[in-house]
Amino acid sequence: MLVFRKKEALRQHLQEHRLQNTSIGFVPTMGALHQGHLSLIRKSLALTGYTVCSIFVNPAQFNNPEDLKKYPRMPEQDIALLEKAGCHALFLPETEEIYPNPPLVQFSFGALEQVMEGYYRPGHFSGVALVVSKFLHIVEPQIAFFGQKDLQQCRILEQLVKDLAFNTRIQIEPTVREGDGLALSSRNLRLSQQGRQTALNLSKALQQAAEALQSGKEPEIVQKEALAYLEQIPDLEPEYFYITEGGTLQELRNVQKGDQIAICTAAYVEGVRLIDNLLLSYQGN
Ligand code: AMP
């Protein structure tokens with residue numbers, strides 16, 4: 001696997017592949033790679049001719065400086081995992097390479113970012129959209145791969161690519177979980193064994209809510225009960241638990257059989273902010 005630290009070198013290299021009509025797949029990450037990231041790499045290897053991964057802990061998307069400082073960084077281990085997976089190239093830039101000057105551009109996504117992550121992490125999606133725009137300009141992939149684990153991010157990036165006419169398709173892949181249901185996350189590395197057990201209640205609450213909805217219970221009641229369930233778990237601080245329309249992530253209205261529903265939650269465990277979600281096709285009523 002080739003490792004690039006400079007955008008110009010990566011651009012030139014990718015140009016050679018493009019001239020040979022090789023399709024390029026791109027998997028942007030913040031590192032501390034796990035099987036969730038590797039599932040995206042594998043999908044890219046299956047669907048495109050040349051796979052580029054990036055590892056960049058993007059300061060512009062952290063609204064909490066402590067979270068940025070504590071974000072796990074393990075480039076050597078990541079490189080070994082990517083090599084083993086068969087990834088072709090890694091873009092591993094320093095912060096100055098991506099932000100030579102403080103950026104002035106800001107993005108806003110209307111109602112889509114006024115809920116959930118956008119509401120609780122002001123400026124977060126502007127930072128995500130900024131770095132993804134830069135990376136798409138550098139890599140110019142045919143397909144960029146993202147995890148459903150960050151569902152609102154997926155919806156934001158679908159909008160970004162549409163509004164700015166990027167010549168890239170956004171492909172969303174399912175959340176990879178541990179056998180017991182815990183969604184894989186780089187942030188899980190910061191949890192103790194006990195904290196990990198506590199965190200399991202997030203996927204449990206999502207699953208319970210999905211079953212209650214499918215059996216015809218009112219979404220509003222299911223939402224309240226799920227939040228009450230999470231609130232009584234010791235050492236778990238839920239931030240939100242929402243049942244929303246799956247595409248717009250807005251409040252559910254007149255839900256019909258077959259509609260796509262997203263159940264999304266965020267909570268703190270041992271000071272670590274965790275998110276998870278489920279997408280389902282409504283079978284109630
Ligand atoms: P991150 O390094 O956390 O910014 O994630 C990089 C990409 O991997 C994003 O598209 C995430 O949605 C995706 N991802 C993170 N965790 C998972 C997971 N458990 N399953 C699938 N994709 C994931």
# chains A, B, ... in the order shown; residues from 1 in each chain; ligands from 1

$ residues_near_ligand --ligand "ligand 1" --cutoff "7 Å" --atoms "only C-alpha atoms and all ligand atoms" --output "ChimeraX atom specification"
/A:27-31,33,36-37,39-40,145-150,173-177,183-186

$ residues_around --residues "Glu83 of chain A" --least-positions-apart "3" --cutoff "12 Å" --atoms "only C-alpha atoms" --output "ChimeraX atom specification"
/A:1-3,38,41-42,51-53,76-80,86-90

$ write_last_selection --atoms "C-alpha atoms" --output "PDB file, in the first residue's frame"
ATOM      1  CA  MET A   1       0.000   0.000   0.000  1.00  0.00           C
ATOM      2  CA  LEU A   2       1.269   3.427  -0.898  1.00  0.00           C
ATOM      3  CA  VAL A   3       1.110   6.092   1.826  1.00  0.00           C
ATOM      4  CA  LEU A  38     -12.683  -2.451   7.061  1.00  0.00           C
ATOM      5  CA  ILE A  41     -12.672  -0.893   2.461  1.00  0.00           C
ATOM      6  CA  ARG A  42     -13.789  -4.375   1.393  1.00  0.00           C
ATOM      7  CA  THR A  51      -9.238   1.982  -3.223  1.00  0.00           C
ATOM      8  CA  VAL A  52      -8.011   5.042  -1.340  1.00  0.00           C
ATOM      9  CA  CYS A  53      -8.499   5.330   2.423  1.00  0.00           C
ATOM     10  CA  GLU A  76       1.034   2.091  12.687  1.00  0.00           C
ATOM     11  CA  GLN A  77      -1.689  -0.361  13.667  1.00  0.00           C
ATOM     12  CA  ASP A  78      -4.074   1.238  11.135  1.00  0.00           C
ATOM     13  CA  ILE A  79      -1.519   0.921   8.324  1.00  0.00           C
ATOM     14  CA  ALA A  80      -1.030  -2.781   9.143  1.00  0.00           C
ATOM     15  CA  GLY A  86      -5.595  -5.043   0.487  1.00  0.00           C
ATOM     16  CA  CYS A  87      -6.228  -1.265   0.414  1.00  0.00           C
ATOM     17  CA  HIS A  88      -4.231   0.333  -2.412  1.00  0.00           C
ATOM     18  CA  ALA A  89      -3.408   3.781  -1.048  1.00  0.00           C
ATOM     19  CA  LEU A  90      -3.629   5.694   2.216  1.00  0.00           C
TER      20      LEU A  90
END

$ closest_residue --among "A:Pro234, A:Pro93, A:Pro59, A:Gly118" --to "Gln194 of chain A" --atoms "only C-alpha atoms"
A:Pro234

$ select_by_dssp --residues "segment 81-284 of chain A" --states "helix (DSSP H, G or I)" --output "count of residues only"
90

$ residues_around --residues "Phe135 of chain A" --least-positions-apart "3" --cutoff "10 Å" --atoms "only C-alpha atoms" --output "ChimeraX atom specification"
/A:7,26,28,54,91,98,129-132,138-141
